[in-house]
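This is target_27.txt. It holds compact mmCIF, C-alpha atoms.
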# COMPACT_ATOMS: atom_id res chain seq x y z
CA ASP A 25 10.97 8.77 -11.30
CA ARG A 26 9.95 7.24 -7.99
CA PHE A 27 7.49 4.79 -9.58
CA ASP A 28 10.16 3.27 -11.83
CA GLU A 29 12.58 3.18 -8.89
CA GLU A 30 10.13 1.23 -6.72
CA ILE A 31 9.41 -1.23 -9.55
CA SER A 32 13.15 -1.80 -9.95
CA LYS A 33 13.59 -2.41 -6.20
CA ALA A 34 10.64 -4.81 -6.18
CA SER A 35 12.26 -7.01 -8.81
CA LYS A 36 15.27 -7.49 -6.50
CA THR A 37 13.29 -8.25 -3.31
CA ARG A 38 11.51 -11.49 -2.50
CA LYS A 39 7.75 -11.25 -2.63
CA GLY A 40 6.29 -11.06 0.84
CA MET A 41 9.29 -9.14 2.19
CA ARG A 42 8.68 -5.79 0.49
CA ARG A 43 7.61 -3.01 2.83
CA TYR A 44 4.36 -2.43 0.92
CA ASP A 45 3.36 -6.10 0.57
CA ARG A 46 -0.04 -6.90 2.03
CA GLU A 47 -2.65 -9.66 1.98
CA TYR A 48 -6.31 -8.89 1.43
CA VAL A 49 -8.42 -11.35 3.40
CA LEU A 50 -11.68 -12.11 1.65
CA PRO A 51 -14.85 -11.91 3.75
CA ASP A 52 -16.72 -15.12 4.55
CA PHE A 53 -20.01 -13.50 3.37
CA ALA A 54 -21.76 -15.16 6.32
CA SER A 55 -20.83 -12.96 9.26
CA THR A 56 -19.50 -10.02 7.24
CA PHE A 57 -19.18 -8.64 3.74
CA ARG A 58 -16.13 -6.53 4.57
CA GLY A 59 -12.63 -7.83 3.98
CA SER A 60 -9.50 -6.96 5.92
CA VAL A 61 -5.84 -6.30 5.22
CA ARG A 62 -2.91 -7.98 6.97
CA LEU A 63 0.85 -8.30 6.67
CA PRO A 64 2.30 -11.37 4.94
CA GLU A 65 3.86 -13.89 7.32
CA PRO A 66 7.50 -13.28 6.21
CA LEU A 67 7.14 -9.52 6.67
CA LYS A 68 5.31 -10.04 9.96
CA ARG A 69 8.12 -12.22 11.32
CA LYS A 70 10.67 -9.65 10.22
CA HIS A 71 8.84 -6.88 12.09
CA GLU A 72 8.53 -9.06 15.19
CA ALA A 73 12.24 -9.88 15.10
CA GLU A 74 13.08 -6.18 14.82
CA GLU A 75 10.78 -5.39 17.75
CA MET A 76 12.32 -8.13 19.91
CA LYS A 77 15.80 -6.88 19.02
CA LYS A 78 14.73 -3.40 20.12
CA ILE A 79 13.45 -4.76 23.45
CA GLU A 80 16.71 -6.66 24.01
CA ASP A 81 18.75 -3.54 23.27
CA GLU A 82 16.66 -1.53 25.74
CA MET A 83 17.17 -4.18 28.42
CA ASP A 84 20.92 -4.28 27.78
CA ALA A 85 21.07 -0.50 28.10
CA LEU A 86 19.14 -0.64 31.38
CA ASN A 87 21.44 -3.33 32.75
CA GLU A 88 24.55 -1.36 31.77
CA GLU A 89 23.14 1.77 33.39
CA GLN A 90 22.35 -0.17 36.56
CA GLU A 91 25.86 -1.65 36.65
CA ARG A 92 27.42 1.79 36.20
CA ALA A 93 25.27 3.14 39.04
CA GLU A 94 26.35 0.30 41.33
CA VAL A 95 30.04 0.83 40.49
CA ALA A 96 29.71 4.57 41.14
CA GLU A 97 27.95 3.90 44.45
CA GLU A 98 30.70 1.50 45.56
CA ALA A 99 33.41 3.99 44.58
CA GLN A 100 31.66 6.75 46.51
CA GLN A 101 31.37 4.46 49.52
CA LEU A 102 35.11 3.77 49.41
CA VAL A 103 35.83 7.51 49.25
CA ASP A 104 33.53 8.18 52.19
CA ASP A 105 35.15 5.38 54.24
CA SER A 106 38.66 6.66 53.54
CA GLU A 107 37.66 10.21 54.44
CA GLU A 108 36.06 9.02 57.66
CA ALA A 109 39.16 6.98 58.58
CA ALA A 110 41.43 9.95 57.91
CA ALA A 111 39.25 12.20 60.04
CA ASN A 112 39.27 9.71 62.91
CA GLU A 113 43.06 9.39 62.69
CA ASN A 114 43.57 13.16 62.81
CA ALA A 115 41.23 13.44 65.78
CA GLY A 116 43.14 10.69 67.61
CA ASN A 117 46.49 12.40 67.15
CA GLY A 118 45.17 15.56 68.84
CA SER A 119 44.05 13.84 72.07
CA GLU A 120 45.47 11.16 74.31
CA LYS A 121 42.33 9.09 74.32
CA ARG A 122 40.95 8.17 70.93
CA PRO A 123 37.17 8.16 70.85
CA GLU A 124 35.59 4.86 70.27
CA PRO A 125 34.16 4.53 66.76
CA GLU A 126 30.45 4.49 66.54
CA PRO A 127 29.04 1.10 65.74
CA LYS A 128 27.93 0.73 62.10
CA LYS A 129 24.27 0.70 61.56
CA GLY A 130 22.99 -2.45 60.02
CA LYS A 131 20.64 -5.27 60.44
CA LYS A 132 20.70 -6.90 63.84
CA ARG A 133 21.24 -10.59 63.77
CA LYS A 134 18.68 -12.59 65.59
CA ARG A 135 20.01 -14.98 68.18
CA LYS A 136 19.15 -18.54 67.65
CA SER A 137 16.83 -19.94 70.21
CA GLY A 138 15.96 -23.44 70.95
CA LYS A 139 12.28 -22.74 70.46
CA LYS A 140 10.65 -24.15 67.36
CA LYS A 141 8.93 -21.86 64.89
CA SER A 142 5.22 -21.71 65.09
CA VAL A 143 2.89 -22.36 62.15
CA ALA A 144 2.24 -18.60 61.87
CA ASP A 145 5.98 -17.93 61.54
CA ASP A 146 6.24 -20.52 58.74
CA ASP A 147 3.35 -18.86 56.92
CA ASP A 148 5.04 -15.45 57.20
CA ASP A 149 8.27 -16.86 55.76
CA ASN A 150 6.41 -18.48 52.88
CA ASP A 151 4.63 -15.20 52.12
CA ALA A 152 7.96 -13.37 52.06
CA GLU A 153 9.43 -15.92 49.65
CA GLU A 154 6.38 -15.63 47.38
CA ASN A 155 6.69 -11.82 47.34
CA ASP A 156 10.34 -12.14 46.36
CA SER A 157 9.50 -14.57 43.56
CA ASP A 158 6.80 -12.24 42.22
CA GLU A 159 9.42 -9.71 41.17
CA GLU A 160 10.14 -10.45 37.50
CA THR A 161 13.69 -10.08 36.28
CA ASP A 162 14.61 -8.70 32.86
CA HIS A 163 15.52 -12.16 31.63
CA GLN A 164 12.20 -13.59 32.79
CA ARG A 165 10.31 -10.70 31.21
CA LEU A 166 12.10 -11.19 27.89
CA LYS A 167 11.44 -14.92 28.00
CA ARG A 168 7.77 -14.31 28.74
CA LEU A 169 7.43 -11.81 25.89
CA LYS A 170 9.03 -14.26 23.46
CA ALA A 171 6.66 -17.02 24.54
CA GLU A 172 3.63 -14.74 24.18
CA ARG A 173 4.69 -13.60 20.73
CA GLU A 174 5.32 -17.16 19.60
CA ALA A 175 1.87 -18.23 20.81
CA GLU A 176 0.30 -15.24 19.05
CA ARG A 177 2.18 -16.04 15.84
CA ARG A 178 0.98 -19.64 15.85
CA ARG A 179 -2.59 -18.50 16.49
CA ARG A 180 -2.45 -16.10 13.56
CA GLU A 181 -0.99 -18.79 11.32
CA ARG A 182 -3.87 -21.13 12.19
CA GLU A 183 -6.40 -18.38 11.46
CA ALA A 184 -4.64 -17.44 8.22
CA ALA A 185 -4.72 -21.05 7.02
CA GLU A 186 -8.51 -21.03 7.38
CA GLN A 187 -9.00 -17.79 5.44
CA GLN A 188 -8.80 -17.03 1.76
CA SER A 189 -6.54 -14.12 0.87
CA LEU A 190 -5.12 -12.29 -2.12
CA ALA A 191 -1.45 -11.33 -2.08
CA LEU A 192 -0.86 -7.73 -3.18
CA SER A 193 2.55 -6.22 -3.83
CA VAL A 194 3.49 -3.70 -6.52
CA GLU A 195 -0.11 -3.85 -7.70
CA ARG A 196 -1.01 -1.53 -4.84
CA PHE A 197 0.59 1.42 -6.62
CA ALA A 198 1.10 0.05 -10.14
CA VAL A 199 -2.65 -0.23 -10.82
CA PRO A 200 -3.54 3.33 -9.66
CA GLU A 201 -0.59 4.62 -11.69
CA VAL A 202 -2.46 3.60 -14.85
CA LEU A 203 -4.90 6.45 -14.17
CA PHE A 204 -2.05 8.89 -14.78
CA ARG A 205 0.07 6.84 -17.20
CA PRO A 206 -2.21 4.71 -19.42
CA SER A 207 0.77 4.02 -21.65
CA ASP A 208 2.00 1.52 -19.01
CA ILE A 209 -0.65 -0.93 -20.25
CA GLY A 210 -0.45 0.05 -23.90
CA LEU A 211 -3.21 2.65 -24.06
CA GLY A 212 -2.61 5.74 -26.15
CA ALA A 213 -5.08 7.95 -24.26
CA GLY A 214 -4.00 10.62 -21.82
CA GLY A 215 -4.24 10.35 -18.06
CA VAL A 216 -6.51 12.11 -15.59
CA ALA A 217 -4.58 15.38 -15.71
CA GLU A 218 -4.61 15.46 -19.53
CA ALA A 219 -8.37 14.76 -19.53
CA VAL A 220 -8.97 17.69 -17.18
CA ALA A 221 -6.84 20.02 -19.30
CA GLU A 222 -8.62 18.94 -22.51
CA SER A 223 -12.05 19.43 -20.89
CA VAL A 224 -11.17 22.93 -19.74
CA ALA A 225 -9.73 23.80 -23.16
CA ALA A 226 -13.05 22.78 -24.75
CA CYS A 227 -14.87 25.48 -22.73
CA ASP A 228 -15.19 29.11 -23.75
CA PRO A 229 -12.03 31.12 -23.00
CA HIS A 230 -13.74 33.36 -20.46
CA LEU A 231 -14.77 30.26 -18.42
CA ARG A 232 -11.41 28.48 -18.29
CA ALA A 233 -10.01 30.33 -15.29
CA ALA A 234 -13.11 29.45 -13.24
CA MET A 235 -12.91 25.83 -14.39
CA TYR A 236 -9.29 25.44 -13.28
CA HIS A 237 -10.23 27.03 -9.97
CA ASN A 238 -13.08 24.55 -9.31
CA ILE A 239 -11.92 21.00 -10.04
CA LEU A 240 -14.05 18.49 -8.11
CA LEU A 241 -12.98 14.88 -7.50
CA VAL A 242 -15.74 12.28 -7.09
CA GLY A 243 -15.92 8.50 -7.16
CA GLY A 244 -14.11 5.75 -5.27
CA ASN A 245 -10.74 6.50 -6.88
CA ALA A 246 -10.70 9.89 -5.16
CA LYS A 247 -10.33 8.14 -1.79
CA MET A 248 -6.87 6.80 -2.66
CA PRO A 249 -4.16 8.41 -0.47
CA GLY A 250 -2.36 11.20 -2.33
CA TYR A 251 -4.81 11.22 -5.25
CA LYS A 252 -5.87 14.83 -4.76
CA GLU A 253 -2.27 16.07 -4.45
CA ARG A 254 -1.20 14.12 -7.54
CA VAL A 255 -4.06 15.50 -9.66
CA GLU A 256 -3.39 19.04 -8.49
CA GLN A 257 0.34 18.75 -9.20
CA GLU A 258 -0.08 17.37 -12.71
CA VAL A 259 -2.91 19.73 -13.69
CA ARG A 260 -0.79 22.64 -12.48
CA SER A 261 2.00 21.55 -14.84
CA LEU A 262 -0.44 21.55 -17.79
CA ALA A 263 -2.46 24.69 -17.01
CA PRO A 264 -1.38 28.15 -18.15
CA ALA A 265 0.77 30.00 -15.64
CA GLY A 266 -1.81 32.75 -15.13
CA TYR A 267 -4.55 30.38 -13.93
CA ASP A 268 -5.05 29.42 -10.29
CA VAL A 269 -5.52 25.64 -9.98
CA ARG A 270 -7.63 24.40 -7.07
CA VAL A 271 -8.74 20.80 -6.55
CA PHE A 272 -11.57 20.07 -4.13
CA LEU A 273 -12.04 16.66 -2.46
CA PRO A 274 -15.34 16.17 -0.56
CA GLU A 275 -15.53 14.06 2.58
CA GLU A 276 -17.63 11.39 0.83
CA PRO A 277 -16.60 11.45 -2.84
CA ILE A 278 -18.51 8.26 -3.65
CA GLU A 279 -21.90 9.74 -2.74
CA TYR A 280 -21.13 13.35 -3.68
CA ALA A 281 -22.17 13.06 -7.35
CA TRP A 282 -25.46 11.40 -6.38
CA GLU A 283 -26.15 14.12 -3.81
CA GLY A 284 -25.57 16.77 -6.47
CA ALA A 285 -27.95 15.06 -8.87
CA ARG A 286 -30.57 14.77 -6.12
CA ILE A 287 -30.36 18.49 -5.37
CA CYS A 288 -30.68 19.38 -9.06
CA SER A 289 -33.63 17.06 -9.59
CA ASN A 290 -35.51 18.67 -6.69
CA GLN A 291 -35.28 22.14 -8.17
CA PRO A 292 -38.59 23.59 -9.46
CA GLY A 293 -39.19 22.79 -13.12
CA PHE A 294 -36.30 20.30 -13.41
CA GLN A 295 -38.58 17.32 -14.09
CA GLU A 296 -40.44 19.14 -16.88
CA ARG A 297 -37.32 20.43 -18.62
CA HIS A 298 -34.97 17.43 -18.32
CA SER A 299 -37.16 14.32 -18.14
CA VAL A 300 -39.62 12.42 -20.26
CA ASP A 301 -42.48 10.09 -19.34
CA ARG A 302 -42.65 6.42 -20.23
CA ALA A 303 -45.05 6.91 -23.13
CA THR A 304 -42.76 9.44 -24.79
CA TRP A 305 -39.74 7.22 -24.24
CA ASP A 306 -41.42 4.23 -25.83

Once you've parsed the file, please lay out its structure as C-alpha cells.
Amino acid sequence: DRFDEEISKASKTRKGMRRYDREYVLPDFASTFRGSVRLPEPLKRKHEAEEMKKIEDEMDALNEEQERAEVAEEAQQLVDDSEEAAANENAGNGSEKRPEPEPKKGKKRKRKSGKKKSVADDDDDNDAEENDSDEETDHQRLKRLKAEREAERRRREREAAEQQSLALSVERFAVPEVLFRPSDIGLGAGGVAEAVAESVAACDPHLRAAMYHNILLVGGNAKMPGYKERVEQEVRSLAPAGYDVRVFLPEEPIEYAWEGARICSNQPGFQERHSVDRATWD
C-alpha cells in the first residue's frame, strides 16, 4: 500500500531531502512554551533554488516576448514606409510637380549656444539621470533577489544554530500508523478500527446499528490530518453492509470528553448515584 511505498522511497532518499522532512524546534521555556516546525536546510535550499529557477524562467519569457514585440514593430514600420513610398511614387507619376514630402516628426535638436548652463540646468540634468537610474532592469532585479535570499538564508542558519531541534522524517507518518497497524512494532492487538468493531459487537444486537452510526473521536490523536477519514474507511470495511457508519469529529476533541463528563456530573442526582465521600472511600 501507500505506507509501504513511502517507506521504500525514504530508504533511497537522503535524510533532509524528503518532501515530508521537518525539524521541530524546541521552545526555550523562557519566552514561550510552544515549539515550531521548520524545513531542514537541504530541503529549504532546494525549494529556494526551484523558486529562483522559476523567476529566471519568467524573466526569460518576458524578455523573449519583448524582443518579439520589437521585431514585429520594426517589420510593421518597414511595411508602412514601403507603402507610403509607393503611394508617393504613384501620386508623382500622375502630376508634373511632385508634392514635397512632409517632414518627419521627431525630436528637435537644440542648437548649441555659447552660453554656459546655469546651476538650475545642471540640477535638472542630474534629476533626469537619477530618474533614469531608478528604473530597475530584469538583471538588476534578479541580482537583488538573489542577494536578499542569500542574506535571509544566512540569518536563518545563524538562528538555527542557536536553537535546539529534533529532526523528523518518516516518523511523521510511521508513528501514527501504529494506531492502525500495531503489528508494525510487534504488538498482536488490533488497531483502532478493530477496537471499534469489537466494542460494537459486545453491545446488544438491537443497539449495534445506532453505535455504528454514532462513533465519536476524542483526544489529541483525533486532531491528526486524515484521522477521521481513515477511521471511517476502516470501520466501514469491518462493519456489516446493512449498517450506516458515521464518524463524528468535534472542533475541540481534546476537551470534548471533559465537557461531556462535566455536563453529566451537573445532572440532578448524579453525585448521589455515582460518587462516594472520603469516609466511605477510606

Surrounding residues of Arg182 in chain A excluding itself and chain neighbours under 6 positions, 12 Å, all atoms listed in the file, as number ranges by chain: A: 65, 175-176

Length of the CA of Ser55 in chain A to CA of Ser189 in chain A vector [Å]: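 Between CA of Ser55 in chain A and CA of Ser189 in chain A the gap works out to 16.6 Å.
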
Taking all atoms of range 242-246 of chain A that the file lists, what box with edges along x, y and z, padded by 8 Å per side, do you get, with centre and edge lengths in Å to one decimal, as JSON?
{"center_x": -13.3, "center_y": 9.0, "center_z": -6.2, "size_x": 21.2, "size_y": 22.5, "size_z": 18.0}

CA of Tyr267 in chain A to CA of Gly244 in chain A, straight-line distance in Å: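 Computed distance, CA of Gly244 in chain A to CA of Tyr267 in chain A, equals 27.8 Å.
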
Among the residues A:Ser32, A:Asn87, A:Thr161, A:Gln257, the one that comes closest to Val216 in chain A [using all atoms listed in the file]: A:Gln257

CA of Leu169 in chain A to CA of Ala73 in chain A, straight-line distance in Å: 12.0 Å

Pick from A:Asp301, A:Asp45, A:Asp268, A:Glu29 nearest to Glu195 in chain A, counting all atoms listed in the file: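 The answer is A:Asp45, which sits nearest to Glu195 in chain A.
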
Spatial neighbours of range 224-226 of chain A, 12 Å, all atoms listed in the file, chain gap at least 3 places, as a VMD selection string: chain A and resid 217 to 221 229 to 239 259 262 to 264 267 269

Could you save the residues just selected, with C-alpha atoms, as a CSV table (one decimal), keeping the file's coordinate frame?
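What follows is the written file selection-v2.csv:
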chain,number,residue,atom,x,y,z
A,217,ALA,CA,-4.6,15.4,-15.7
A,218,GLU,CA,-4.6,15.5,-19.5
A,219,ALA,CA,-8.4,14.8,-19.5
A,220,VAL,CA,-9.0,17.7,-17.2
A,221,ALA,CA,-6.8,20.0,-19.3
A,229,PRO,CA,-12.0,31.1,-23.0
A,230,HIS,CA,-13.7,33.4,-20.5
A,231,LEU,CA,-14.8,30.3,-18.4
A,232,ARG,CA,-11.4,28.5,-18.3
A,233,ALA,CA,-10.0,30.3,-15.3
A,234,ALA,CA,-13.1,29.4,-13.2
A,235,MET,CA,-12.9,25.8,-14.4
A,236,TYR,CA,-9.3,25.4,-13.3
A,237,HIS,CA,-10.2,27.0,-10.0
A,238,ASN,CA,-13.1,24.6,-9.3
A,239,ILE,CA,-11.9,21.0,-10.0
A,259,VAL,CA,-2.9,19.7,-13.7
A,262,LEU,CA,-0.4,21.6,-17.8
A,263,ALA,CA,-2.5,24.7,-17.0
A,264,PRO,CA,-1.4,28.2,-18.2
A,267,TYR,CA,-4.6,30.4,-13.9
A,269,VAL,CA,-5.5,25.6,-10.0

Distance criterion (all atoms listed in the file): nearest to Pro64 in chain A out of A:Glu47, A:Glu279, A:Asp208, A:Asp84: A:Glu47

Residue among A:Asn290, A:Met76, A:Arg260, A:Arg38 lying closest to Arg168 in chain A, counting all atoms listed in the file: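 Result for the nearest residue to Arg168 in chain A: A:Met76.
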
Counting all atoms listed in the file, the option among A:Ala109, A:Phe197, A:Glu256, A:Leu240 closest to Gly284 in chain A: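 So, comparing all the options, the nearest one is A:Leu240.
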
Nearest residue to Leu203 in chain A from the set A:Ala111, A:Cys227, A:Ala246, A:Lys70 (distances using only C-alpha atoms):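 Among A:Ala111, A:Cys227, A:Ala246, A:Lys70, it is A:Ala246 that comes nearest to Leu203 in chain A.
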
What would the list of residues within 10 Å of (21.2, -7.6, 31.0) (file frame) look like as a PDB file with C-alpha atoms, in the frame of the given file, if only C-alpha atoms are what count?
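So point-v5.pdb came out as:
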ATOM      1  CA  GLU A  80      16.710  -6.660  24.010  1.00  0.00           C
ATOM      2  CA  ASP A  81      18.750  -3.540  23.270  1.00  0.00           C
ATOM      3  CA  GLU A  82      16.660  -1.530  25.740  1.00  0.00           C
ATOM      4  CA  MET A  83      17.170  -4.180  28.420  1.00  0.00           C
ATOM      5  CA  ASP A  84      20.920  -4.280  27.780  1.00  0.00           C
ATOM      6  CA  ALA A  85      21.070  -0.500  28.100  1.00  0.00           C
ATOM      7  CA  LEU A  86      19.140  -0.640  31.380  1.00  0.00           C
ATOM      8  CA  ASN A  87      21.440  -3.330  32.750  1.00  0.00           C
ATOM      9  CA  GLU A  88      24.550  -1.360  31.770  1.00  0.00           C
ATOM     10  CA  GLU A  89      23.140   1.770  33.390  1.00  0.00           C
ATOM     11  CA  GLN A  90      22.350  -0.170  36.560  1.00  0.00           C
ATOM     12  CA  GLU A  91      25.860  -1.650  36.650  1.00  0.00           C
ATOM     13  CA  THR A 161      13.690 -10.080  36.280  1.00  0.00           C
ATOM     14  CA  ASP A 162      14.610  -8.700  32.860  1.00  0.00           C
ATOM     15  CA  HIS A 163      15.520 -12.160  31.630  1.00  0.00           C
TER      16      HIS A 163
END

Spatial neighbours of Leu63 in chain A, 12 Å, all atoms listed in the file, chain gap at least 3 places, as a list in words: Lys39, Gly40, Met41, Arg42, Arg43, Tyr44, Asp45, Arg46, Glu47, Tyr48, Val49, Ser60, Pro66, Leu67, Lys68, Arg69, Lys70, His71, Glu72, Arg180, Glu181, Ala184, Ser189, Leu190, Ala191, Leu192 and Ser193 of chain A
